[in-house]
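Notes to accompany the following structure.
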Amino acid sequence: MRKKIVAGNWKMNKTFSEAEILITEIAEALDEVDLKGAEVVLCPPALYIEMATDVAFESNFTVGAQNVYPSDSGAFTGEISPLMLKELNVTYCIIGHSERRKYFNETSEFLRSKVESLLKHNIIPIFCCGEVLPEREANQHFEVIKRQLEESLFHLPVEAFMKVVIAYEPVWAIGTGVTATKEQAQEMHSFIRGVIAARYDPATAGSTTILYGGSCNGKNARELFAQPDVDGGLIGGASLKADEFLQIATSF
Ligand code: PGA
């Protein structure tokens, strides 16, 4: 179901004690603000998930993981299963982030199995898609996004697809300080809805949550979130400071 979401992707940042401070600061600040129905999601490194879900239990945010291995258990040294995440009350899991596609060679096929294993355990995938700069410059960005959705999500039956949150994250905007303009974000989000309508139906397209990610910050969040097809943001760098993250979370 379509909702307003601001999710903080901490990536590989913060020590445990720093994470405790940041989570406490965010939890306290969230008590004081009106989120206007938006949901705040914190996605810290896996080691801090239990601490985050403990705080979340008495606060106004939910917790997401940054990664999962698509198997319930087994000989997969170093990996974390959806079953383990579920028992720690994890609500969301980021899938298909461009850093995982690039540095860990995650293919569309592998992402498809991750999405399925999360849905099996009722964890909501935040599925990231995005084009690199040469693809945008060659005017291939629409077909790239369509292909990423087709290859990892469009095999799902409609009831399963409706549970997935999509994050459009142009790779050239991630961590670069170069944000997509509000027009570029709106254009792609509207395109994504069109592709979903063509594969499924217009009602499903209209009820899908589509977040924007890529150098979204306290200054540009309001104009991005004001776009009709932008339902919130997946925030990297700017989610590591409580003040700025709260500013973004209250930008609807
Ligand atoms: P950024 O990262 O906000 O630092 O650009 C966004 C993301 O990678 O999810």
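Order determines the names: the first chain of the structure tokens is A, the second B, and so forth; residues in each chain are numbered 1 upward, and ligands are numbered 1 upward as they are shown.
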- Got a sec: who's within 12 Å of Lys86 of chain A, counting only C-alpha atoms, leaving out chain neighbours fewer than 2 positions off, as a ChimeraX atom specification? /A:49-50,53,63-65,68,72,80-84,88-93,117-124
- Task: Find the residues near ligand 1. Use a cut-off of 9 Å, count only C-alpha atoms and all ligand atoms, and write them as a PyMOL selection string.
- Result: chain A and resi 7-11+94+97-99+128+167+169+171-179+212-217+233-239
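The strand (DSSP E or B) portion of segment 22-204 of chain A consists of Glu39, Val40, Val41, Leu42, Cys43, Thr62, Val63, Gly64, Ala65, Tyr92, Cys93, Ile94, Ile95, Ile124, Pro125, Ile126, Phe127, Cys128, Cys129, Val165, Ile166, Ala167 and Tyr168 of chain A, with states taken from DSSP on the backbone.
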Take the residues from that selection and put them in a file with N, CA, C and O atoms, as a CSV table (one decimal), in the first residue's frame.
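Written out: result17.csv:
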chain,number,residue,atom,x,y,z
A,39,GLU,N,6.4,7.4,7.5
A,39,GLU,CA,7.1,6.4,8.3
A,39,GLU,C,8.6,6.6,8.2
A,39,GLU,O,9.1,6.8,7.1
A,40,VAL,N,9.2,6.6,9.3
A,40,VAL,CA,10.7,6.7,9.3
A,40,VAL,C,11.3,5.3,9.5
A,40,VAL,O,10.9,4.6,10.4
A,41,VAL,N,12.3,5.0,8.7
A,41,VAL,CA,12.9,3.7,8.8
A,41,VAL,C,14.4,3.9,8.9
A,41,VAL,O,15.0,4.7,8.2
A,42,LEU,N,15.0,3.2,9.9
A,42,LEU,CA,16.5,3.3,10.1
A,42,LEU,C,17.1,1.9,9.6
A,42,LEU,O,16.6,0.9,10.1
A,43,CYS,N,18.1,2.0,8.7
A,43,CYS,CA,18.7,0.8,8.2
A,43,CYS,C,20.2,0.9,8.6
A,43,CYS,O,21.1,1.3,7.9
A,62,THR,N,10.7,2.4,12.4
A,62,THR,CA,10.8,1.0,12.1
A,62,THR,C,12.3,0.8,11.7
A,62,THR,O,13.0,1.7,11.4
A,63,VAL,N,12.6,-0.5,11.6
A,63,VAL,CA,14.0,-0.8,11.3
A,63,VAL,C,14.1,-1.7,10.0
A,63,VAL,O,13.3,-2.6,9.8
A,64,GLY,N,15.1,-1.4,9.2
A,64,GLY,CA,15.4,-2.1,8.0
A,64,GLY,C,16.8,-2.7,8.0
A,64,GLY,O,17.7,-2.1,8.7
A,65,ALA,N,17.0,-3.8,7.3
A,65,ALA,CA,18.4,-4.3,7.1
A,65,ALA,C,18.9,-3.8,5.8
A,65,ALA,O,18.1,-3.3,4.9
A,92,TYR,N,11.9,-3.9,7.0
A,92,TYR,CA,12.3,-3.7,5.6
A,92,TYR,C,13.7,-4.3,5.4
A,92,TYR,O,14.4,-4.5,6.3
A,93,CYS,N,14.0,-4.5,4.1
A,93,CYS,CA,15.4,-4.8,3.8
A,93,CYS,C,15.7,-4.2,2.4
A,93,CYS,O,15.0,-4.4,1.4
A,94,ILE,N,16.8,-3.4,2.3
A,94,ILE,CA,17.2,-2.8,1.1
A,94,ILE,C,17.8,-3.9,0.2
A,94,ILE,O,18.6,-4.7,0.6
A,95,ILE,N,17.4,-3.9,-1.1
A,95,ILE,CA,17.8,-4.9,-2.0
A,95,ILE,C,18.2,-4.2,-3.3
A,95,ILE,O,17.6,-3.3,-3.8
A,124,ILE,N,9.6,-6.4,4.0
A,124,ILE,CA,9.3,-5.7,2.8
A,124,ILE,C,10.6,-5.3,2.1
A,124,ILE,O,11.5,-4.6,2.7
A,125,PRO,N,10.8,-5.7,0.9
A,125,PRO,CA,12.0,-5.3,0.2
A,125,PRO,C,11.9,-3.9,-0.3
A,125,PRO,O,10.9,-3.4,-0.7
A,126,ILE,N,13.0,-3.1,0.0
A,126,ILE,CA,13.1,-1.8,-0.7
A,126,ILE,C,14.0,-2.0,-1.8
A,126,ILE,O,15.2,-2.1,-1.7
A,127,PHE,N,13.4,-2.1,-3.0
A,127,PHE,CA,14.2,-2.6,-4.2
A,127,PHE,C,14.7,-1.3,-4.9
A,127,PHE,O,14.0,-0.5,-5.4
A,128,CYS,N,16.0,-1.2,-5.0
A,128,CYS,CA,16.7,-0.1,-5.6
A,128,CYS,C,16.9,-0.3,-7.1
A,128,CYS,O,17.4,-1.4,-7.5
A,129,CYS,N,16.7,0.7,-7.9
A,129,CYS,CA,17.0,0.6,-9.3
A,129,CYS,C,17.6,2.0,-9.7
A,129,CYS,O,17.4,3.0,-9.0
A,165,VAL,N,8.5,-2.1,-2.0
A,165,VAL,CA,8.8,-0.6,-2.1
A,165,VAL,C,9.9,-0.5,-3.1
A,165,VAL,O,10.9,-1.2,-3.1
A,166,ILE,N,9.7,0.5,-4.0
A,166,ILE,CA,10.8,0.7,-5.0
A,166,ILE,C,11.5,2.0,-4.6
A,166,ILE,O,10.9,3.0,-4.2
A,167,ALA,N,12.8,2.0,-4.8
A,167,ALA,CA,13.6,3.2,-4.6
A,167,ALA,C,14.4,3.5,-6.0
A,167,ALA,O,15.2,2.7,-6.4
A,168,TYR,N,14.0,4.7,-6.6
A,168,TYR,CA,14.8,5.1,-7.8
A,168,TYR,C,16.0,5.8,-7.3
A,168,TYR,O,15.9,6.9,-6.7
- Message: Please determine, counting only C-alpha atoms, which residue among A:Leu240, A:Ala221, A:Val115, A:Leu156 has the shortest atom-to-atom distance to Leu22 of chain A.
- Response: A:Leu240
- Backbone-only DSSP, alpha helix (DSSP H) members of segment 8-127 of chain A, as a ChimeraX atom specification: /A:16-30,49-56,82-87,98-103,108-120
Export N, CA and C atoms of the chosen residues as a compact mmCIF listing (two decimals), in the first residue's frame?
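Dumped everything to again07.txt:
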# COMPACT_ATOMS: atom_id res chain seq x y z
N PHE A 16 29.50 0.95 17.26
CA PHE A 16 28.32 0.62 18.07
C PHE A 16 27.94 1.79 18.98
N SER A 17 28.95 2.38 19.65
CA SER A 17 28.60 3.46 20.59
C SER A 17 28.10 4.69 19.85
N GLU A 18 28.64 4.97 18.68
CA GLU A 18 28.13 6.10 17.89
C GLU A 18 26.71 5.82 17.40
N ALA A 19 26.48 4.56 17.05
CA ALA A 19 25.14 4.19 16.56
C ALA A 19 24.10 4.34 17.67
N GLU A 20 24.49 3.94 18.89
CA GLU A 20 23.57 4.09 20.04
C GLU A 20 23.18 5.54 20.23
N ILE A 21 24.16 6.43 20.12
CA ILE A 21 23.89 7.87 20.29
C ILE A 21 22.96 8.36 19.19
N LEU A 22 23.27 8.03 17.96
CA LEU A 22 22.45 8.52 16.83
C LEU A 22 21.02 8.00 16.91
N ILE A 23 20.87 6.73 17.23
CA ILE A 23 19.51 6.16 17.32
C ILE A 23 18.73 6.83 18.45
N THR A 24 19.39 7.06 19.57
CA THR A 24 18.72 7.73 20.70
C THR A 24 18.34 9.15 20.32
N GLU A 25 19.25 9.86 19.66
CA GLU A 25 18.95 11.24 19.24
C GLU A 25 17.74 11.27 18.30
N ILE A 26 17.73 10.35 17.33
CA ILE A 26 16.62 10.31 16.37
C ILE A 26 15.32 9.95 17.09
N ALA A 27 15.39 8.96 17.97
CA ALA A 27 14.16 8.54 18.69
C ALA A 27 13.60 9.70 19.50
N GLU A 28 14.48 10.42 20.20
CA GLU A 28 14.01 11.54 21.03
C GLU A 28 13.43 12.65 20.16
N ALA A 29 14.10 12.95 19.06
CA ALA A 29 13.62 14.02 18.18
C ALA A 29 12.28 13.65 17.54
N LEU A 30 12.11 12.35 17.25
CA LEU A 30 10.85 11.93 16.62
C LEU A 30 9.64 12.12 17.54
N ILE A 49 21.22 -3.94 14.53
CA ILE A 49 19.77 -4.08 14.30
C ILE A 49 19.02 -4.38 15.60
N GLU A 50 19.58 -5.27 16.41
CA GLU A 50 18.86 -5.64 17.64
C GLU A 50 18.72 -4.43 18.56
N MET A 51 19.79 -3.66 18.65
CA MET A 51 19.73 -2.46 19.48
C MET A 51 18.70 -1.49 18.90
N ALA A 52 18.68 -1.35 17.60
CA ALA A 52 17.73 -0.42 16.96
C ALA A 52 16.29 -0.87 17.16
N THR A 53 16.04 -2.17 17.00
CA THR A 53 14.65 -2.64 17.15
C THR A 53 14.21 -2.53 18.61
N ASP A 54 15.14 -2.67 19.56
CA ASP A 54 14.79 -2.47 20.98
C ASP A 54 14.30 -1.05 21.21
N VAL A 55 15.02 -0.08 20.63
CA VAL A 55 14.62 1.33 20.80
C VAL A 55 13.32 1.58 20.02
N ALA A 56 13.23 1.00 18.83
CA ALA A 56 12.06 1.23 17.96
C ALA A 56 10.77 0.77 18.63
N PRO A 82 16.86 -14.19 6.16
CA PRO A 82 15.63 -13.45 6.43
C PRO A 82 14.94 -13.90 7.73
N LEU A 83 15.11 -15.18 8.05
CA LEU A 83 14.55 -15.71 9.30
C LEU A 83 15.16 -15.01 10.51
N MET A 84 16.47 -14.80 10.44
CA MET A 84 17.16 -14.11 11.55
C MET A 84 16.67 -12.68 11.66
N LEU A 85 16.51 -12.02 10.51
CA LEU A 85 16.04 -10.63 10.52
C LEU A 85 14.62 -10.56 11.09
N LYS A 86 13.79 -11.52 10.69
CA LYS A 86 12.39 -11.50 11.10
C LYS A 86 12.28 -11.61 12.62
N GLU A 87 13.10 -12.48 13.19
CA GLU A 87 13.01 -12.67 14.65
C GLU A 87 13.45 -11.43 15.41
N SER A 98 22.93 0.02 -5.67
CA SER A 98 23.95 0.02 -6.72
C SER A 98 25.34 -0.36 -6.18
N GLU A 99 25.57 -0.09 -4.89
CA GLU A 99 26.88 -0.49 -4.33
C GLU A 99 26.99 -2.00 -4.26
N ARG A 100 25.88 -2.68 -3.97
CA ARG A 100 25.93 -4.14 -3.93
C ARG A 100 25.99 -4.71 -5.34
N ARG A 101 25.31 -4.07 -6.27
CA ARG A 101 25.39 -4.54 -7.66
C ARG A 101 26.83 -4.40 -8.16
N LYS A 102 27.47 -3.27 -7.81
CA LYS A 102 28.79 -2.98 -8.37
C LYS A 102 29.92 -3.72 -7.62
N TYR A 103 29.99 -3.55 -6.29
CA TYR A 103 31.13 -4.10 -5.55
C TYR A 103 30.98 -5.58 -5.23
N SER A 108 20.71 -9.49 -11.37
CA SER A 108 19.25 -9.39 -11.30
C SER A 108 18.64 -10.69 -10.81
N GLU A 109 19.24 -11.80 -11.23
CA GLU A 109 18.71 -13.11 -10.84
C GLU A 109 18.86 -13.35 -9.34
N PHE A 110 20.03 -12.97 -8.82
CA PHE A 110 20.28 -13.11 -7.38
C PHE A 110 19.32 -12.20 -6.60
N LEU A 111 19.11 -11.00 -7.11
CA LEU A 111 18.20 -10.06 -6.44
C LEU A 111 16.78 -10.60 -6.44
N ARG A 112 16.43 -11.28 -7.50
CA ARG A 112 15.10 -11.87 -7.57
C ARG A 112 14.92 -12.89 -6.44
N SER A 113 15.95 -13.70 -6.20
CA SER A 113 15.80 -14.69 -5.13
C SER A 113 15.80 -14.01 -3.76
N LYS A 114 16.51 -12.89 -3.62
CA LYS A 114 16.47 -12.17 -2.35
C LYS A 114 15.07 -11.61 -2.08
N VAL A 115 14.49 -11.03 -3.12
CA VAL A 115 13.13 -10.47 -2.98
C VAL A 115 12.17 -11.58 -2.55
N GLU A 116 12.26 -12.71 -3.20
CA GLU A 116 11.34 -13.82 -2.87
C GLU A 116 11.53 -14.30 -1.44
N SER A 117 12.79 -14.42 -1.00
CA SER A 117 13.00 -14.96 0.34
C SER A 117 12.56 -13.95 1.41
N LEU A 118 12.67 -12.67 1.11
CA LEU A 118 12.17 -11.67 2.08
C LEU A 118 10.65 -11.73 2.17
N LEU A 119 10.01 -11.78 1.01
CA LEU A 119 8.54 -11.78 1.01
C LEU A 119 8.00 -13.02 1.73
N LYS A 120 8.72 -14.13 1.59
CA LYS A 120 8.32 -15.37 2.27
C LYS A 120 8.25 -15.15 3.79
- Excluding same-chain residues fewer than 4 positions from Ser207 of chain A, what lies within 12 Å of it counting only C-alpha atoms, as a ChimeraX atom specification? /A:1-4,158-159,161-166,193,196-197,200-203,229,231
Write the residues of the preceding selection, restricted to N, CA and C atoms, as a compact mmCIF listing (two decimals), in the first residue's frame.
# COMPACT_ATOMS: atom_id res chain seq x y z
N MET A 1 0.85 -1.20 0.00
CA MET A 1 0.00 0.00 0.00
C MET A 1 0.89 1.25 0.00
N ARG A 2 0.46 2.24 -0.78
CA ARG A 2 1.32 3.42 -0.94
C ARG A 2 1.43 4.23 0.35
N LYS A 3 2.65 4.53 0.76
CA LYS A 3 2.83 5.37 1.93
C LYS A 3 4.02 6.31 1.74
N LYS A 4 4.07 7.29 2.65
CA LYS A 4 5.21 8.20 2.65
C LYS A 4 6.27 7.58 3.56
N VAL A 158 0.72 -10.36 -8.55
CA VAL A 158 0.38 -9.00 -8.13
C VAL A 158 0.33 -8.84 -6.61
N GLU A 159 -0.19 -9.82 -5.88
CA GLU A 159 -0.31 -9.69 -4.42
C GLU A 159 1.08 -9.54 -3.79
N PHE A 161 3.87 -8.48 -5.50
CA PHE A 161 4.48 -7.24 -5.99
C PHE A 161 4.00 -6.04 -5.17
N MET A 162 2.74 -6.06 -4.77
CA MET A 162 2.18 -4.91 -4.06
C MET A 162 2.84 -4.66 -2.71
N LYS A 163 3.59 -5.64 -2.21
CA LYS A 163 4.26 -5.46 -0.92
C LYS A 163 5.62 -4.76 -1.07
N VAL A 164 6.13 -4.71 -2.31
CA VAL A 164 7.49 -4.19 -2.53
C VAL A 164 7.49 -2.66 -2.59
N VAL A 165 8.51 -2.06 -1.95
CA VAL A 165 8.76 -0.62 -2.08
C VAL A 165 9.88 -0.46 -3.10
N ILE A 166 9.73 0.52 -3.99
CA ILE A 166 10.78 0.75 -5.00
C ILE A 166 11.53 2.03 -4.65
N ARG A 193 5.80 4.14 -12.67
CA ARG A 193 4.38 3.82 -12.45
C ARG A 193 3.73 3.32 -13.76
N ILE A 196 4.74 -0.25 -14.33
CA ILE A 196 4.01 -1.15 -13.41
C ILE A 196 2.56 -1.32 -13.90
N ALA A 197 1.97 -0.22 -14.36
CA ALA A 197 0.59 -0.29 -14.85
C ALA A 197 0.50 -1.21 -16.05
N TYR A 200 1.16 -4.86 -14.57
CA TYR A 200 0.09 -5.29 -13.66
C TYR A 200 -1.19 -4.55 -14.06
N ASP A 201 -1.49 -3.46 -13.35
CA ASP A 201 -2.69 -2.67 -13.68
C ASP A 201 -2.52 -1.29 -13.05
N PRO A 202 -3.32 -0.32 -13.48
CA PRO A 202 -3.16 1.05 -12.98
C PRO A 202 -3.35 1.17 -11.47
N ALA A 203 -4.24 0.37 -10.90
CA ALA A 203 -4.47 0.47 -9.44
C ALA A 203 -3.21 0.05 -8.69
N ASP A 229 4.64 11.89 -7.92
CA ASP A 229 4.95 10.46 -7.91
C ASP A 229 6.11 10.09 -6.99
N ASP A 231 7.25 9.43 -3.29
CA ASP A 231 6.60 9.14 -2.01
C ASP A 231 7.54 9.26 -0.81
- Interatomic distance (Å, one decimal) between atom CA of Ser59 of chain A and atom CA of Glu79 of chain A: 28.5 Å
- Which neighbours of Ala185 of chain A fall inside 8 Å, counting only C-alpha atoms, when residues of the same chain fewer than 5 positions from it are skipped, and could you give them as a list in words?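 Residues near the query, excluding close chain neighbours: Ala180, Tyr212, Leu224 and Val230 of chain A.
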Could you write out the selected residues, including all heavy atoms, as a PDB file, in the first residue's frame?
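Result file result-v9.pdb:
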ATOM      1  N   ALA A 180      19.289  14.469  -8.504  1.00  0.00           N
ATOM      2  CA  ALA A 180      18.408  14.607  -9.673  1.00  0.00           C
ATOM      3  C   ALA A 180      17.550  15.842  -9.437  1.00  0.00           C
ATOM      4  O   ALA A 180      17.184  16.140  -8.299  1.00  0.00           O
ATOM      5  CB  ALA A 180      17.530  13.360  -9.797  1.00  0.00           C
ATOM      6  N   TYR A 212      12.725   8.276  -3.745  1.00  0.00           N
ATOM      7  CA  TYR A 212      13.878   8.794  -4.492  1.00  0.00           C
ATOM      8  C   TYR A 212      15.120   8.701  -3.599  1.00  0.00           C
ATOM      9  O   TYR A 212      15.048   8.994  -2.395  1.00  0.00           O
ATOM     10  CB  TYR A 212      13.664  10.270  -4.911  1.00  0.00           C
ATOM     11  CG  TYR A 212      14.964  10.851  -5.422  1.00  0.00           C
ATOM     12  CD1 TYR A 212      15.398  10.562  -6.713  1.00  0.00           C
ATOM     13  CD2 TYR A 212      15.804  11.578  -4.572  1.00  0.00           C
ATOM     14  CE1 TYR A 212      16.632  11.001  -7.148  1.00  0.00           C
ATOM     15  CE2 TYR A 212      17.043  12.032  -5.010  1.00  0.00           C
ATOM     16  CZ  TYR A 212      17.447  11.732  -6.299  1.00  0.00           C
ATOM     17  OH  TYR A 212      18.686  12.151  -6.723  1.00  0.00           O
ATOM     18  N   LEU A 224      11.602  17.702  -3.706  1.00  0.00           N
ATOM     19  CA  LEU A 224      11.528  16.350  -4.296  1.00  0.00           C
ATOM     20  C   LEU A 224      10.255  15.636  -3.824  1.00  0.00           C
ATOM     21  O   LEU A 224       9.513  15.068  -4.626  1.00  0.00           O
ATOM     22  CB  LEU A 224      12.760  15.534  -3.897  1.00  0.00           C
ATOM     23  CG  LEU A 224      14.063  15.914  -4.613  1.00  0.00           C
ATOM     24  CD1 LEU A 224      15.280  15.377  -3.856  1.00  0.00           C
ATOM     25  CD2 LEU A 224      14.082  15.388  -6.044  1.00  0.00           C
ATOM     26  N   VAL A 230       6.583  11.057  -6.196  1.00  0.00           N
ATOM     27  CA  VAL A 230       7.683  10.785  -5.263  1.00  0.00           C
ATOM     28  C   VAL A 230       7.084  10.629  -3.867  1.00  0.00           C
ATOM     29  O   VAL A 230       6.481  11.549  -3.332  1.00  0.00           O
ATOM     30  CB  VAL A 230       8.724  11.930  -5.281  1.00  0.00           C
ATOM     31  CG1 VAL A 230       9.829  11.670  -4.251  1.00  0.00           C
ATOM     32  CG2 VAL A 230       9.325  12.083  -6.687  1.00  0.00           C
TER      33      VAL A 230
END
- Item | Å distance separating atom CA of Lys14 of chain A from atom CA of Glu244 of chain A, one decimal place |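 Rounded to one decimal, the two atoms are 16.3 Å apart.
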